[in-house]
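Next comes data-v8.txt, a file with compact mmCIF, C-alpha atoms.
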# COMPACT_ATOMS: atom_id res chain seq x y z
CA ALA A 29 -58.43 -61.80 61.43
CA GLN A 30 -60.62 -61.22 58.39
CA THR A 31 -61.16 -57.53 57.66
CA VAL A 32 -64.65 -56.60 56.52
CA LYS A 33 -64.37 -54.18 53.61
CA ARG A 34 -66.68 -51.19 53.58
CA THR A 35 -67.84 -48.40 51.33
CA VAL A 36 -69.36 -45.62 53.44
CA ILE A 37 -71.84 -43.37 51.66
CA PHE A 38 -72.97 -39.97 52.91
CA ALA A 39 -75.76 -38.14 51.11
CA GLY A 40 -77.69 -35.06 52.10
CA LYS A 41 -78.08 -31.32 51.81
CA ALA A 42 -77.32 -28.42 54.13
CA ALA A 43 -79.92 -25.73 54.62
CA PRO A 44 -78.65 -22.37 53.29
CA GLY A 45 -78.12 -20.92 56.76
CA TYR A 46 -76.83 -24.07 58.45
CA GLU A 47 -73.14 -23.25 58.50
CA VAL A 48 -71.98 -26.21 60.62
CA ALA A 49 -73.73 -28.63 58.26
CA LYS A 50 -71.80 -27.13 55.35
CA ILE A 51 -68.56 -27.46 57.32
CA THR A 52 -69.41 -31.10 58.05
CA ILE A 53 -69.92 -31.83 54.34
CA LYS A 54 -66.58 -30.16 53.57
CA LEU A 55 -64.87 -32.32 56.20
CA ILE A 56 -66.48 -35.51 54.81
CA ASN A 57 -65.17 -34.73 51.34
CA ASN A 58 -61.70 -33.87 52.64
CA VAL A 59 -61.53 -37.07 54.69
CA ALA A 60 -62.65 -39.02 51.62
CA ALA A 61 -59.87 -37.51 49.54
CA VAL A 62 -57.29 -38.74 52.07
CA ILE A 63 -58.75 -42.21 52.65
CA ASN A 64 -59.47 -43.00 49.03
CA HIS A 65 -55.89 -42.18 47.99
CA ASP A 66 -54.19 -43.96 50.89
CA LEU A 67 -52.65 -47.16 49.54
CA GLU A 68 -52.70 -48.80 52.99
CA THR A 69 -56.42 -48.30 53.56
CA ASN A 70 -58.25 -47.86 50.26
CA ALA A 71 -58.39 -51.60 49.60
CA TYR A 72 -60.54 -51.94 52.73
CA LEU A 73 -62.37 -48.62 53.09
CA LYS A 74 -63.89 -46.17 50.64
CA LEU A 75 -65.75 -42.98 51.55
CA VAL A 76 -68.01 -41.02 49.23
CA PHE A 77 -70.38 -38.08 49.52
CA LEU A 78 -73.22 -37.99 47.00
CA PRO A 79 -74.42 -34.41 46.42
CA ASP A 80 -77.92 -33.25 45.53
CA TYR A 81 -79.68 -35.99 47.49
CA LYS A 82 -83.26 -36.55 46.31
CA VAL A 83 -85.80 -39.32 45.69
CA SER A 84 -84.22 -40.50 42.43
CA LEU A 85 -80.88 -40.95 44.19
CA ALA A 86 -82.52 -42.65 47.19
CA GLU A 87 -84.12 -45.16 44.82
CA ILE A 88 -80.61 -46.32 43.94
CA ILE A 89 -78.94 -46.11 47.34
CA ILE A 90 -81.60 -47.69 49.56
CA PRO A 91 -81.95 -51.07 47.80
CA ALA A 92 -78.16 -51.35 47.50
CA ALA A 93 -77.25 -50.73 51.14
CA ASP A 94 -76.34 -53.47 53.62
CA VAL A 95 -76.51 -51.19 56.67
CA CYS A 96 -77.78 -47.69 57.32
CA GLN A 97 -76.82 -45.44 60.19
CA GLN A 98 -79.61 -43.58 61.98
CA ILE A 99 -77.66 -42.15 64.88
CA SER A 100 -79.39 -39.02 66.16
CA THR A 101 -79.28 -38.44 69.92
CA ALA A 102 -82.23 -40.06 71.69
CA GLY A 103 -85.03 -37.57 72.20
CA TYR A 104 -83.85 -35.00 69.64
CA GLU A 105 -84.99 -36.37 66.27
CA ALA A 106 -88.61 -35.55 65.46
CA SER A 107 -89.20 -38.59 63.27
CA GLY A 108 -87.72 -40.34 60.28
CA THR A 109 -88.98 -42.38 57.37
CA SER A 110 -85.84 -43.14 55.38
CA ASN A 111 -84.87 -45.79 57.93
CA MET A 112 -88.26 -47.45 57.39
CA LYS A 113 -87.48 -47.65 53.67
CA PHE A 114 -84.07 -49.15 54.43
CA ALA A 115 -85.63 -51.73 56.78
CA MET A 116 -88.21 -52.70 54.15
CA ASN A 117 -85.38 -53.33 51.71
CA GLY A 118 -83.60 -55.70 54.10
CA CYS A 119 -80.99 -53.19 55.20
CA LEU A 120 -79.92 -53.57 58.83
CA ILE A 121 -80.04 -50.45 60.97
CA ILE A 122 -77.25 -49.12 63.15
CA GLY A 123 -79.08 -46.73 65.41
CA THR A 124 -79.94 -45.09 68.67
CA MET A 125 -83.35 -45.50 70.26
CA ASP A 126 -84.63 -42.30 68.70
CA GLY A 127 -87.24 -41.23 66.17
CA ALA A 128 -88.62 -43.97 63.93
CA ASN A 129 -85.95 -46.39 65.17
CA VAL A 130 -88.15 -46.92 68.24
CA GLU A 131 -91.15 -47.91 66.11
CA ILE A 132 -89.01 -50.11 63.87
CA ALA A 133 -87.60 -51.92 66.89
CA GLU A 134 -91.15 -52.59 68.09
CA GLN A 135 -91.98 -54.27 64.78
CA ILE A 136 -88.80 -56.14 63.80
CA GLY A 137 -87.18 -56.55 67.24
CA GLU A 138 -84.06 -54.91 68.63
CA ASP A 139 -82.20 -58.17 68.07
CA ASN A 140 -82.51 -57.54 64.32
CA MET A 141 -80.96 -54.09 64.65
CA PHE A 142 -77.63 -52.76 65.93
CA VAL A 143 -78.76 -50.54 68.79
CA PHE A 144 -76.30 -48.41 70.76
CA GLY A 145 -76.06 -45.21 72.77
CA CYS A 146 -77.94 -43.51 75.56
CA ARG A 147 -81.69 -43.91 75.90
CA CYS A 148 -83.87 -40.84 76.41
CA ASP A 149 -83.78 -41.13 80.19
CA GLN A 150 -79.96 -41.28 80.18
CA VAL A 151 -79.17 -38.33 77.91
CA GLN A 152 -79.38 -35.59 80.55
CA SER A 153 -77.03 -37.33 82.98
CA ALA A 154 -74.61 -38.03 80.13
CA TRP A 155 -74.66 -34.37 79.13
CA ASP A 156 -74.14 -33.34 82.75
CA SER A 157 -71.01 -35.50 82.93
CA VAL A 158 -69.64 -34.07 79.67
CA ARG A 159 -70.37 -30.49 80.73
CA SER A 160 -68.92 -30.92 84.23
CA GLY A 161 -65.70 -32.46 82.95
CA SER A 162 -66.17 -35.73 84.80
CA PHE A 163 -66.62 -37.59 81.50
CA ARG A 164 -63.43 -39.33 80.34
CA GLU A 165 -62.94 -38.99 76.60
CA ASP A 166 -62.31 -42.24 74.76
CA GLN A 167 -58.71 -42.30 73.54
CA ARG A 168 -59.79 -43.40 70.08
CA LEU A 169 -61.91 -40.26 69.80
CA THR A 170 -58.94 -38.21 71.00
CA ARG A 171 -56.83 -39.61 68.15
CA VAL A 172 -59.55 -38.79 65.60
CA LEU A 173 -59.91 -35.21 66.81
CA ASP A 174 -56.14 -34.73 67.00
CA LEU A 175 -55.93 -35.83 63.38
CA ILE A 176 -58.50 -33.21 62.38
CA ARG A 177 -56.72 -30.53 64.40
CA SER A 178 -53.38 -31.45 62.83
CA GLY A 179 -54.50 -30.29 59.40
CA THR A 180 -54.43 -33.77 57.85
CA PHE A 181 -57.81 -33.06 56.26
CA GLY A 182 -57.27 -29.37 55.55
CA ASP A 183 -56.63 -26.21 57.51
CA TYR A 184 -58.33 -26.58 60.90
CA ARG A 185 -59.49 -22.99 61.26
CA GLN A 186 -59.67 -21.84 57.66
CA PHE A 187 -62.29 -24.48 56.85
CA GLY A 188 -64.08 -24.08 60.19
CA PHE A 189 -63.32 -27.60 61.38
CA ASP A 190 -62.85 -26.20 64.89
CA ARG A 191 -66.59 -25.48 64.90
CA PHE A 192 -67.30 -29.07 63.90
CA VAL A 193 -65.12 -30.40 66.72
CA GLY A 194 -67.04 -28.21 69.15
CA THR A 195 -70.27 -30.02 68.27
CA ILE A 196 -68.79 -33.33 69.48
CA PHE A 197 -68.97 -32.07 73.06
CA ASN A 198 -72.35 -30.32 73.06
CA LYS A 199 -75.72 -31.49 74.41
CA TYR A 200 -76.06 -34.08 71.64
CA ILE A 201 -73.38 -36.12 73.49
CA ALA A 202 -71.62 -37.55 70.43
CA ALA A 203 -68.44 -37.84 72.49
CA TYR A 204 -70.24 -39.79 75.21
CA ASP A 205 -71.79 -42.29 72.78
CA PHE A 206 -68.61 -42.73 70.70
CA ALA A 207 -67.22 -45.79 72.49
CA ASP A 208 -70.55 -47.61 72.30
CA TYR A 209 -70.79 -46.67 68.62
CA LEU A 210 -67.45 -48.37 67.96
CA ARG A 211 -68.58 -51.41 69.95
CA ILE A 212 -71.68 -51.83 67.79
CA GLN A 213 -69.63 -51.36 64.61
CA GLY A 214 -67.53 -54.32 65.76
CA ASN A 215 -70.74 -56.32 66.11
CA VAL A 216 -71.66 -55.39 62.54
CA ASP A 217 -68.34 -56.73 61.26
CA GLU A 218 -68.70 -59.98 63.19
CA LEU A 219 -72.23 -60.62 61.95
CA TYR A 220 -71.27 -59.84 58.34
CA LYS A 221 -68.78 -62.71 58.51
CA ASN A 222 -71.75 -65.04 59.10
CA PRO A 223 -73.79 -64.71 55.87
CA ARG A 224 -76.52 -67.11 57.00
CA GLU A 225 -77.29 -65.14 60.14
CA TRP A 226 -76.99 -61.79 58.32
CA ILE A 227 -79.46 -62.88 55.64
CA HIS A 228 -81.85 -64.18 58.31
CA LYS A 229 -81.92 -60.78 60.03
CA SER A 230 -82.22 -59.01 56.68
CA LEU A 231 -85.23 -61.10 55.62
CA THR A 232 -86.80 -60.66 59.05
CA SER A 233 -86.44 -56.91 58.71
CA THR A 234 -88.24 -56.97 55.36
CA ALA A 235 -90.94 -59.40 56.48
CA ARG A 236 -91.85 -57.44 59.61
CA SER A 237 -91.79 -53.99 58.00
CA GLY A 238 -95.21 -54.28 56.39
CA TYR A 239 -96.67 -52.22 59.22
CA PHE A 240 -95.01 -49.15 57.71
CA SER A 241 -96.83 -49.53 54.40
CA SER A 242 -98.49 -46.32 53.21
CA ASP A 243 -101.60 -48.43 52.43
CA ARG A 244 -101.95 -49.26 56.14
CA SER A 245 -101.47 -45.61 57.09
CA VAL A 246 -104.16 -44.47 54.64
CA ARG A 247 -106.62 -47.12 55.84
CA GLU A 248 -106.20 -45.99 59.43
Entire entry expressed as structure tokens:
Amino acid sequence: AQTVKRTVIFAGKAAPGYEVAKITIKLINNVAAVINHDLETNAYLKLVFLPDYKVSLAEIIIPAADVCQQISTAGYEASGTSNMKFAMNGCLIIGTMDGANVEIAEQIGEDNMFVFGCRCDQVQSAWDSVRSGSFREDQRLTRVLDLIRSGTFGDYRQFGFDRFVGTIFNKYIAAYDFADYLRIQGNVDELYKNPREWIHKSLTSTARSGYFSSDRSVRE
């Protein structure tokens, strides 16, 4: 089967007191160092973290991206405008029904997005199942976490990666949504192999994003 090659870009900043965010950035960079030097994988997958994210960097990244991932847990993200900018530029969104993704879906249609994960009214029951232990962890997630614990990406406790792993099983239910996230990533790969359909969805995203124009907001 044809393998869809990807370059995954992370960009952002951690607030000075947000320790887990800093640990996450450290883990991203350590994972990148392993992947990008692995001769079996680096022909198909590259991972980069761009520091000092700001408007001038966004002006380069946003028009260049094929997909963007807006994957906050439904009901927890206050808003979001970067995904609107991506949609306007024909970038297809991988996302949960949270924040501005909900408004974007209303304008461009869910069928022109890659939607996954729990909806707002499902999050509490999902969290209850994780907390009670009745939730069965996806074996692919188990392998990922075992790899982190093994020290493949750096000392597990020295770098605080144990704290990162703990966040996978908190109220934001990343563990619960993981299997559905992988399912939707498979859909992304399949669609990318069909350029005509991909371009159609991309153009539709741009054409229907006019609602998010700042001119319209000012007028109203």
Could you list, with a cut-off of 7 Å and counting all atoms listed in the file, the residues of range 204-238 of chain A near range 144-155 of chain A, each shown with its nearest atom pair and the distance in Å rounded to one decimal, rows sorted by chain and ascending number, as JSON lines?
{"residue": "A:Tyr204", "atom": "CA", "partner": "A:Ala154", "partner_atom": "CA", "distance": 6.8}
{"residue": "A:Asp205", "atom": "CA", "partner": "A:Gly145", "partner_atom": "CA", "distance": 5.2}
{"residue": "A:Asp208", "atom": "CA", "partner": "A:Phe144", "partner_atom": "CA", "distance": 6.0}
{"residue": "A:Tyr209", "atom": "CA", "partner": "A:Phe144", "partner_atom": "CA", "distance": 6.2}
{"residue": "A:Ile212", "atom": "CA", "partner": "A:Phe144", "partner_atom": "CA", "distance": 6.5}
Subject >> Non-local contacts of range 163-165 of chain A (12 Å; all atoms listed in the file; under 4 positions in same chain excluded) as an MDAnalysis selection string >> reply: chainID A and resid 153:159 169:173 196:197 201:207
Subject >> Close residues, range 46-53 of chain A itself excluded, 7 Å, all atoms listed in the file, min 3 positions apart in chain, as a VMD selection string >> reply: chain A and resid 42 to 43 56 to 57 187 to 189 191 to 192
**OP:** Write out as a list in words each polymer residue whose atoms come within 12 Å of Glu134 in chain A, counting only C-alpha atoms; drop sequence neighbours fewer than 2 positions from it.
**Re:**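 Surrounding residues, per the criterion: Met125, Ala128, Asn129, Val130, Glu131, Ile132, Ile136, Gly137, Glu138, Asp139, Asn140, Met141, Ser233, Arg236, Ser237, Tyr239 and Phe240 of chain A.
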**OP:** Have a look at CA of Gly194 in chain A and CA of Gly214 in chain A and let me know their distance in Å, one decimal.
**Re:**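 Pair CA of Gly194 in chain A / CA of Gly214 in chain A returns 26.3 Å.
Considering all atoms listed in the file, the residue among A:Ser110, A:Thr180, A:Ser241, A:Asn222 positioned nearest to Val59 in chain A is A:Thr180.
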Subject >> Residue with smallest distance to Gly179 in chain A - pool A:Thr35, A:Thr101, A:Asn58, A:Asn70, counting only C-alpha atoms >> reply: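 Closest candidate: A:Asn58.
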Original post:
Got a sec: who's within 12 Å of Glu87 in chain A, counting all atoms listed in the file, leaving out chain neighbours fewer than 5 positions off, as a list in words?
Top reply: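 Near neighbours after the sequence-gap exclusion: Tyr81, Lys82, Ala92, Ala93, Ser110, Lys113, Phe114 and Asn117 of chain A.
With only C-alpha atoms as the atoms that count, the residue of A:Arg224, A:Ile122, A:Val193, A:Ala71 with the shortest distance to Leu210 in chain A is A:Ile122.
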Can you tell me, as JSON, the centre and edge lengths (Å, one decimal) of the axis-aligned box enclosing all of range 98-102 of chain A's listed atoms after padding each side by 3 Å?
{"center_x": -79.9, "center_y": -41.0, "center_z": 66.8, "size_x": 10.6, "size_y": 11.1, "size_z": 15.7}
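For the choices A:Thr31, A:Ser100, A:Met112, A:Ser178, the atom-to-atom distance to Tyr72 in chain A is smallest for A:Thr31 when using only C-alpha atoms.
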Original post:
Got a sec: who's within 12 Å of Glu225 in chain A, counting all atoms listed in the file, leaving out chain neighbours fewer than 4 positions off, as a PyMOL selection string?
Top reply: chain A and resi 120+139-140+216+218-221+229-232
**OP:** Choose the residue, out of A:Thr69, A:Thr234, A:Asn111, A:Ser245, that has the smallest atom-to-atom separation from Gln97 in chain A; count all atoms listed in the file.
**Re:**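 Answer, going by the shortest atom-to-atom distance: A:Asn111.
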Original post:
What is the CA of Phe142 in chain A-CA of Asp217 in chain A distance in Å, reported with one decimal?
Top reply: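 Going from CA of Phe142 in chain A over to CA of Asp217 in chain A covers 11.1 Å.
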